[in-house]
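**Q** First, the structure itself, so that you have it in front of you.
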Amino acid sequence: MLGFSIFPEVSGMPHTEREELTPKENNQLLLPGGHPPMWNHMDSIGPIGLPHREGVPGCSQEGLPYPSNSSELVLECLQQFKVTGTQLQQIQARLLGSMEQALGGQASPASAVRMLPTYVGSIPHGTEQGDFVVLELGATGASLRVLWVTLMGTGGHRMEPRSQEFVIPPEVMLGPGQQLFDFAAHCLSEFLDALPVGKQGLQLGFSFSFPCHQTGLDRSTLISWTKGFRCSGVEGHDVVQLLRDAIKRHGAYNIDVVAVVNDTVGTMMGCEPGVGPCEVGLVVDTGTNACYMEEARHVAVLDEDRGRVCVSVEWGSFGDDGVLGPMLTTFDHALDRESLNPGAQRFEKMIGGLYLGELVRLVLAHLAQQGVLFGGCTSPALLSRGSILLEHVAEMEDPWAGAARVHALLQDLGLNVGASDVELVQYVCAAVFTRAARLCAAALAAVLSRLQHSREQQILQIAVATGGRVFEQHPSFLSILQETVMLLTPECDVSFIPSVDGGGRGVAMVTAVAARLAAHRHLLEETLAPFQLNREQLAAVQAQMREAMVKGLRGEASSLRMLPTYVRATPDGSERGDFLALDLGGTNFRVLLVRVTAEGVKITNQIYSIPENVAQGSGQQLFDHIVDCIVDFQQKQGLSGQSLPLGFTFSFPCRQLGLDQGILLNWTKGFSASDCEGQDIVCLLREAIGRRQAVELNVVAIVNDTVGTMMSCGYEDPRCEVGLIVGTGTNACYMEELRNVAAVAGDSGHMCINMEWGAFGDDGSLGLLRTCFDASVDQASINPGKQSFEKMISGMYLGEIVRHILLHLTSLGVLFRGQQTQRLQTRDIFKTKFLSEIESDSLALRQVRAILEDLGLPLTSDDALMVLEVCQAVSQRAAQLCGAGVAAVVEKIRENRGLEELTVSIGVDGTLYKLHPHFSSLVAATVRELAPRCVVTFLQSEDGSGKGAALVTAVACRLAQMARV
């Protein structure tokens, strides 16, 4: 990188304090022989950007070998090309503002820039392969190029493209549009005739380097011609269709135009793999433009909130609204007046290669007419537009051969070149090119600032692909650009990568990426199709659950146990008193004091741990520990000696024989205390109380967490008659008509039924919905063949289902470039909480990537999007199945009561339901669809397991008191 100092407003160093640095001190790029390029010191005198040459014999104090009046004329002339640091920062800020306005759809038709989506949504990841044809039009001025590009995928040796360039006659550039596209089709056929193509179908990428309005990867309408083209009947038309029509008219080959790409996008996509993601393209050729990968959610016209899309900035028109006025020289105005499009593309006319030679010519002609150059003489050639081209300027600036080339080129123009003219001509070239590079850098800095801001990164590490003849022919242009960008965006770590094949390979890469994405999309959709449940499938689940509910209630064989809980009523709001509650459902055990008053429920609680040796010791040891905790709590709350009614939330599978009788069926969650399974849990607790002297506790009820949830919400809403848990596991309970419960005597009143619906489908009724991924998760579980419904819904299993799908997609090459990682093969590494985080609307894609990269998954933006889709498919199916179950329950209640319409509330608890951003709404939507005659309100439970147990106890006490009365 060159080390010249930019103007003092940018460098922060007052001009008077700056010292001339030696090449070594200034870390400058040295030419052969150790000489610095003369443009390294363009700022060393500040005012106009000319080298200071004090002490050189024959030179004035200003450093020019001319009399003072001539020097003043030169200074005055080249002073116009000075761009200050403040002006560069203004360009950066104004261009950034224009970009953001245009992205948001707020820009007027006269906007400074057009932010045009290119519908390129992915950058290459190195696996692309195949043969592709590229047709380039407009990338190199008055020529057309056809390429045959072979991509070899990962590890394949690189195949150099075969190409042929065709000169476009002036009459074609300015004639009817059909003539231009027929010419392109003819060139295409001529090129392919020399290859062994045969009758195979060919995929073509069309590089069309003009401002277009793109509405799809293969649909692009020309906005306006630039670069000297002015074909009629093309502006406002789809150039892809015009090309297709021309190819069809020619009829020689079977060619599918897959993508239309401008040269800037092709430059970005042509970066060699291995340098890291290249997400910015910069072209300075005949014209100039940039593109970059923007977050799709920021592009208003797309109405898309996922992924990224390449946006073409079309910054050549920046300044057409007049903001560049103070920076425009008399020569810029003269060039603009003589151009094909006066008043348009003002920024491009200060930077693009089509114009830089012309600016130099105008300056030289002016200085000659002022008597400063060529003995005050001009020539017809010097006064002719287009006589000095980009390549001429690059040759004249060459530090070694430049002087000789200046002589030769100017003599070819019929000029008498004096000894002093050569260096001054080089100064003119350097002034014009330095300004162009700095203006371009300010615009690029706006793009980088946009990326750094939108991705919320403190330091943006980014690769910029550069292409175009200005970069290729004028090495100092990139050096000045780099230095200026570094000063304007110190928070960006930028690597500049020269493009390959002038963007031709990149256009092929766009085509190849489109083909890869289409193939991967098909495989992804095929994989996730079994998770997309339609209404008929969900209605079938609802019907099967209704049937299983009826069988279970009758005591017939069913995958639903339909266990009576002996809770006969929900709270009616009249409950009063102080109650104790116990909550045992894991390694932490809670004791609660619940005070129910007219003002509401007040809870005081304390958490006690259950040591592992206690959870896995003897039953007597476990229940003695529980009683010790209760006694400790009573003492701290001043309740010693009081016999308060107590409700026990016991979140393990039980068969209840009464409100205060629960037979433990089996331990779960890491408990294995001996002599408990098959025993009445309340009896074990009462025995432990008896062993502790001077303690009186009145155990009224044993409750599972689902019932507690229903009762907790029932206190707030008397219509709450259903409880639902969707967390690590899942279950539901509801108020059933006692007459339908065969296991309990009586025909009137209600009974809360614990459905234990996690086991629904264990009889094979869900077989048609189970995928191979469900089967893999089930086989690896601690209870294969059991809890089928739970394994498709609950938090313990969803992450594992996703992990198995990701493994499958990786094996197909759809994800992670087909590279298996050890982390992903580790069971339970993909937590269900990741689904909630990944699907969160508030998280940007970069945060999703961070979550996955923490798992050791080196992924692209495409991978992140696919992982998001996998998570969505799995969680949506879970929510829909849960909703189908709820629909079966509420429809059962409605039919039980012979109602046309049921209004009912459901109390819900569980981390999956509460924390997942979309689960609850999907459940509700499914219930509305499957149970349209039920008006269902979902209430999230607060402390259902503790508060609910106390309220079950409170209701039982109220009912007992009423019975005594």
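Lettering and numbering for the structure tokens are positional, with chains as A, B, ... in the shown order, residues counted from 1 in each chain, and ligands counted from 1 in the shown order.
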Could you go through range 865-914 of chain A and tell me which residues DSSP, when run on the backbone, assigns to helix (DSSP H, G or I), listing them as a VMD selection string?
**A** chain A and resid 865 to 896 911 to 914
**Q** Can you list, as a PyMOL selection string, every protein, DNA or RNA residue that comes within 9 Å of range 909-925 of chain A when you count only C-alpha atoms, leaving out same-chain residues fewer than 2 positions away?
**A** chain A and resi 705-706+709+723-730+794-795+832-833+835-837+839-841+875-876+878-884+886+907+927-930+936-944
**Q** Can you tell me, as an mmCIF file with N, CA, C and O atoms, in the first residue's frame, what residues are no more than 12 Å from Gln370 in chain A when counting only C-alpha atoms, ignoring any on the same chain fewer than 3 positions away?
**A**
```cif
data_model
loop_
_atom_site.group_PDB
_atom_site.id
_atom_site.type_symbol
_atom_site.label_atom_id
_atom_site.label_comp_id
_atom_site.auth_asym_id
_atom_site.auth_seq_id
_atom_site.Cartn_x
_atom_site.Cartn_y
_atom_site.Cartn_z
ATOM 1 N N ASN A 69 4.653 33.266 -14.099
ATOM 2 C CA ASN A 69 3.295 33.421 -14.609
ATOM 3 C C ASN A 69 2.772 32.103 -15.164
ATOM 4 O O ASN A 69 1.604 31.781 -15.028
ATOM 5 N N SER A 70 3.647 31.321 -15.820
ATOM 6 C CA SER A 70 3.238 30.004 -16.309
ATOM 7 C C SER A 70 2.900 29.079 -15.150
ATOM 8 O O SER A 70 1.928 28.317 -15.195
ATOM 9 N N SER A 71 3.731 29.137 -14.107
ATOM 10 C CA SER A 71 3.486 28.282 -12.942
ATOM 11 C C SER A 71 2.135 28.576 -12.333
ATOM 12 O O SER A 71 1.387 27.677 -11.936
ATOM 13 N N GLU A 72 1.795 29.858 -12.266
ATOM 14 C CA GLU A 72 0.510 30.225 -11.676
ATOM 15 C C GLU A 72 -0.640 29.677 -12.510
ATOM 16 O O GLU A 72 -1.667 29.234 -11.972
ATOM 17 N N LEU A 73 -0.468 29.703 -13.809
ATOM 18 C CA LEU A 73 -1.517 29.149 -14.667
ATOM 19 C C LEU A 73 -1.685 27.647 -14.442
ATOM 20 O O LEU A 73 -2.794 27.132 -14.394
ATOM 21 N N VAL A 74 -0.547 26.962 -14.314
ATOM 22 C CA VAL A 74 -0.608 25.518 -14.065
ATOM 23 C C VAL A 74 -1.242 25.237 -12.706
ATOM 24 O O VAL A 74 -2.114 24.367 -12.554
ATOM 25 N N GLU A 76 -3.245 27.131 -10.998
ATOM 26 C CA GLU A 76 -4.661 27.471 -11.046
ATOM 27 C C GLU A 76 -5.456 26.383 -11.759
ATOM 28 O O GLU A 76 -6.571 26.023 -11.351
ATOM 29 N N CYS A 77 -4.882 25.853 -12.812
ATOM 30 C CA CYS A 77 -5.560 24.802 -13.580
ATOM 31 C C CYS A 77 -5.729 23.530 -12.766
ATOM 32 O O CYS A 77 -6.827 22.992 -12.633
ATOM 33 N N VAL A 363 -7.366 19.324 -20.406
ATOM 34 C CA VAL A 363 -6.416 20.110 -19.620
ATOM 35 C C VAL A 363 -5.209 20.478 -20.475
ATOM 36 O O VAL A 363 -4.743 21.635 -20.472
ATOM 37 N N LEU A 364 -4.666 19.500 -21.210
ATOM 38 C CA LEU A 364 -3.486 19.784 -22.047
ATOM 39 C C LEU A 364 -3.809 20.820 -23.115
ATOM 40 O O LEU A 364 -2.993 21.719 -23.388
ATOM 41 N N ALA A 365 -4.977 20.702 -23.714
ATOM 42 C CA ALA A 365 -5.362 21.683 -24.739
ATOM 43 C C ALA A 365 -5.472 23.073 -24.130
ATOM 44 O O ALA A 365 -5.029 24.071 -24.730
ATOM 45 N N HIS A 366 -6.050 23.138 -22.923
ATOM 46 C CA HIS A 366 -6.176 24.436 -22.250
ATOM 47 C C HIS A 366 -4.807 25.042 -21.955
ATOM 48 O O HIS A 366 -4.570 26.232 -22.222
ATOM 49 N N LEU A 367 -3.905 24.237 -21.421
ATOM 50 C CA LEU A 367 -2.578 24.745 -21.069
ATOM 51 C C LEU A 367 -1.790 25.152 -22.320
ATOM 52 O O LEU A 367 -1.017 26.124 -22.298
ATOM 53 N N LEU A 373 2.162 24.981 -22.493
ATOM 54 C CA LEU A 373 2.637 23.722 -23.060
ATOM 55 C C LEU A 373 2.861 23.852 -24.568
ATOM 56 O O LEU A 373 2.196 24.658 -25.245
ATOM 57 N N PHE A 374 3.764 23.015 -25.064
ATOM 58 C CA PHE A 374 3.980 22.797 -26.492
ATOM 59 C C PHE A 374 4.252 24.118 -27.224
ATOM 60 O O PHE A 374 3.799 24.325 -28.358
ATOM 61 N N GLY A 375 4.960 24.996 -26.506
ATOM 62 C CA GLY A 375 5.288 26.290 -27.109
ATOM 63 C C GLY A 375 4.067 27.119 -27.429
ATOM 64 O O GLY A 375 4.112 27.982 -28.318
ATOM 65 N N GLY A 376 2.991 26.842 -26.745
ATOM 66 C CA GLY A 376 1.764 27.601 -26.986
ATOM 67 C C GLY A 376 1.007 27.150 -28.213
ATOM 68 O O GLY A 376 0.064 27.836 -28.650
ATOM 69 N N CYS A 377 1.390 26.019 -28.798
ATOM 70 C CA CYS A 377 0.747 25.521 -30.022
ATOM 71 C C CYS A 377 -0.122 24.306 -29.729
ATOM 72 O O CYS A 377 0.230 23.455 -28.914
ATOM 73 N N THR A 378 -1.243 24.198 -30.409
ATOM 74 C CA THR A 378 -2.088 23.005 -30.360
ATOM 75 C C THR A 378 -1.994 22.296 -31.704
ATOM 76 O O THR A 378 -1.199 22.669 -32.561
#
```
**Q** Just checking: using only C-alpha atoms, which residue out of A:Ala887, A:Ala850, A:Met549, A:Ala960 ends up closest to Val700 in chain A?
**A**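 Using only C-alpha atoms, the shortest distance to Val700 in chain A belongs to A:Ala960.
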**Q** Can you tell me which residues surround Phe331 in chain A at a distance of at most 12 Å, considering only C-alpha atoms, apart from same-chain residues fewer than 5 positions away, and format the answer as an NGL selection string?
**A** :A and (77-78 or 80-81 or 336-338 or 349-350 or 355-367 or 432)
**Q** Keeping N, CA and C atoms for every residue in the selection just given, could you write it to a file as a short mmCIF file (atom, residue, chain, number, x, y, z; two decimals), in the first residue's frame?
**A**
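The resulting file, part.cif, is reproduced below:
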```cif
data_model
loop_
_atom_site.label_atom_id
_atom_site.label_comp_id
_atom_site.auth_asym_id
_atom_site.auth_seq_id
_atom_site.Cartn_x
_atom_site.Cartn_y
_atom_site.Cartn_z
N CYS A 77 -4.88 25.85 -12.81
CA CYS A 77 -5.56 24.80 -13.58
C CYS A 77 -5.73 23.53 -12.77
N LEU A 78 -4.61 23.05 -12.19
CA LEU A 78 -4.66 21.76 -11.49
C LEU A 78 -5.25 21.87 -10.08
N GLN A 80 -8.00 22.93 -9.46
CA GLN A 80 -9.40 22.51 -9.59
C GLN A 80 -9.59 21.02 -9.31
N PHE A 81 -8.52 20.23 -9.46
CA PHE A 81 -8.64 18.79 -9.27
C PHE A 81 -8.40 18.36 -7.81
N ASP A 336 -18.73 17.08 -20.09
CA ASP A 336 -20.15 16.74 -19.99
C ASP A 336 -20.95 17.30 -21.17
N ARG A 337 -20.65 18.54 -21.53
CA ARG A 337 -21.38 19.16 -22.65
C ARG A 337 -21.19 18.38 -23.95
N GLU A 338 -20.00 17.83 -24.14
CA GLU A 338 -19.68 17.14 -25.39
C GLU A 338 -20.08 15.67 -25.37
N LYS A 349 -18.29 10.28 -14.86
CA LYS A 349 -17.47 11.07 -15.77
C LYS A 349 -16.23 11.65 -15.09
N MET A 350 -16.16 11.53 -13.77
CA MET A 350 -14.96 11.96 -13.03
C MET A 350 -14.05 10.78 -12.71
N TYR A 355 -13.59 8.42 -19.73
CA TYR A 355 -13.54 9.87 -19.63
C TYR A 355 -12.20 10.43 -19.14
N LEU A 356 -11.38 9.60 -18.47
CA LEU A 356 -10.15 10.13 -17.88
C LEU A 356 -9.18 10.65 -18.94
N GLY A 357 -9.04 9.92 -20.02
CA GLY A 357 -8.18 10.38 -21.11
C GLY A 357 -8.69 11.68 -21.70
N GLU A 358 -10.00 11.81 -21.78
CA GLU A 358 -10.59 13.02 -22.35
C GLU A 358 -10.36 14.22 -21.43
N LEU A 359 -10.44 13.97 -20.09
CA LEU A 359 -10.15 15.06 -19.15
C LEU A 359 -8.70 15.53 -19.30
N VAL A 360 -7.79 14.57 -19.43
CA VAL A 360 -6.38 14.93 -19.63
C VAL A 360 -6.23 15.73 -20.91
N ARG A 361 -6.91 15.31 -21.97
CA ARG A 361 -6.80 16.04 -23.26
C ARG A 361 -7.30 17.48 -23.12
N LEU A 362 -8.41 17.65 -22.42
CA LEU A 362 -8.96 19.00 -22.25
C LEU A 362 -8.00 19.90 -21.46
N VAL A 363 -7.37 19.32 -20.41
CA VAL A 363 -6.42 20.11 -19.62
C VAL A 363 -5.21 20.48 -20.48
N LEU A 364 -4.67 19.50 -21.21
CA LEU A 364 -3.49 19.78 -22.05
C LEU A 364 -3.81 20.82 -23.11
N ALA A 365 -4.98 20.70 -23.71
CA ALA A 365 -5.36 21.68 -24.74
C ALA A 365 -5.47 23.07 -24.13
N HIS A 366 -6.05 23.14 -22.92
CA HIS A 366 -6.18 24.44 -22.25
C HIS A 366 -4.81 25.04 -21.96
N LEU A 367 -3.90 24.24 -21.42
CA LEU A 367 -2.58 24.75 -21.07
C LEU A 367 -1.79 25.15 -22.32
N VAL A 432 -5.41 14.13 -12.49
CA VAL A 432 -6.70 13.61 -12.92
C VAL A 432 -6.96 12.23 -12.31
#
```
**Q** Would you mind reading off the distance between CA of Ala873 in chain A and CA of Thr826 in chain A, one decimal, in Å?
**A**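 So the answer is 21.7 Å.
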**Q** Each residue of range 750-797 of chain A with at least one atom at most 12 Å from range 507-528 of chain A should appear once, together with its nearest atom pair and the corresponding distance in Å (one decimal); atoms considered: only C-alpha atoms; ordering: chain, then increasing residue number; output as JSON lines.
**A**
```
{"residue": "A:Thr771", "atom": "CA", "partner": "A:Leu528", "partner_atom": "CA", "distance": 9.7}
{"residue": "A:Cys772", "atom": "CA", "partner": "A:Thr527", "partner_atom": "CA", "distance": 10.2}
{"residue": "A:Phe773", "atom": "CA", "partner": "A:Thr527", "partner_atom": "CA", "distance": 10.1}
```
**Q** Please produce an output containing C-alpha atoms for each residue in the selection, written as a short mmCIF file (atom, residue, chain, number, x, y, z; two decimals), in the first residue's frame.
**A**
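Now in selection.cif:
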```
data_model
loop_
_atom_site.label_atom_id
_atom_site.label_comp_id
_atom_site.auth_asym_id
_atom_site.auth_seq_id
_atom_site.Cartn_x
_atom_site.Cartn_y
_atom_site.Cartn_z
CA THR A 771 -40.30 -39.66 9.58
CA CYS A 772 -36.99 -41.51 9.47
CA PHE A 773 -35.62 -38.74 11.68
#
```
**Q** Using only C-alpha atoms, pick whichever of A:Glu790, A:Tyr608, A:Glu547, A:Gln537 has the shortest atom-to-atom distance to Leu769 in chain A.
**A** A:Gln537
**Q** Could you give me, as an NGL selection string, the residues within 8 Å of range 294-307 of chain A, counting only C-alpha atoms and dropping anything in the same chain fewer than 3 positions from it?
**A** :A and (103-105 or 117 or 121 or 310-311 or 451 or 454 or 845 or 861-862 or 865)
**Q** In Å, with one decimal, what is the gap from CA of Gln787 in chain A to CA of Leu855 in chain A?
**A**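 Distance between the two atoms: 28.5 Å.
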**Q** Can you list, as a PyMOL selection string, every protein, DNA or RNA residue that comes within 6 Å of Ala463 in chain A when you count only C-alpha atoms, leaving out same-chain residues fewer than 4 positions away?
**A** chain A and resi 278+494-496
**Q** Select, from A:Thr821, A:Asn254, A:Ser640, A:Thr565, the residue with the minimum atom-to-atom distance to Ala701 in chain A, counting only C-alpha atoms.
**A**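 Between A:Thr821, A:Asn254, A:Ser640, A:Thr565, the residue approaching Ala701 in chain A most closely is A:Thr565.
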**Q** Can you build me a table of range 236-336 of chain A residues sitting at most 9 Å from range 202-223 of chain A, with the closest atom pair per residue and its distance in Å to one decimal, using only C-alpha atoms, sorted by chain and residue number, as a tab-separated table?
**A**
```
residue	atom	partner	partner_atom	distance
A:Gly236	CA	A:Leu222	CA	5.4
A:His237	CA	A:Thr221	CA	5.0
A:Asp238	CA	A:Thr221	CA	4.2
A:Val239	CA	A:Thr221	CA	6.0
A:Val240	CA	A:Arg219	CA	6.1
A:Gln241	CA	A:Arg219	CA	7.7
A:Leu243	CA	A:Phe206	CA	8.9
A:Tyr253	CA	A:Leu202	CA	8.1
A:Asn254	CA	A:Leu202	CA	6.3
A:Ile255	CA	A:Leu202	CA	4.7
A:Asp256	CA	A:Gln203	CA	5.0
A:Val257	CA	A:Leu204	CA	4.7
A:Val258	CA	A:Leu204	CA	5.8
A:Ala259	CA	A:Asp218	CA	4.5
A:Val260	CA	A:Phe206	CA	4.6
A:Val261	CA	A:Ser207	CA	4.6
A:Asn262	CA	A:Ser209	CA	4.5
A:Asp263	CA	A:Ser209	CA	5.3
A:Thr264	CA	A:Ser209	CA	7.8
A:Val265	CA	A:Ser207	CA	8.9
A:Gly266	CA	A:Ser207	CA	7.4
A:Ser312	CA	A:Pro211	CA	8.9
A:Glu314	CA	A:Pro211	CA	6.7
```
**Q** Which residue, A:Met545, A:Ile663, A:Leu413, A:Leu383, has the smallest gap to Gly761 in chain A when you use only C-alpha atoms?
**A** A:Met545
**Q** Name the residues of range 298-370 of chain A that come out as strand (DSSP E) in a backbone DSSP run; write them as an MDAnalysis selection string.
**A** chainID A and resid 308:312
**Q** Could you state the separation of CA of Asp854 in chain A and CA of Arg823 in chain A in Å, given to one decimal place?
**A**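 Those two atoms sit 10.1 Å apart.
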**Q** Select, from A:Pro176, A:Gly386, A:Gly619, A:Gly708, the residue with the minimum atom-to-atom distance to Glu677 in chain A, counting only C-alpha atoms.
**A**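 Once distances to Glu677 in chain A are computed over only C-alpha atoms, the minimum belongs to A:Gly619.
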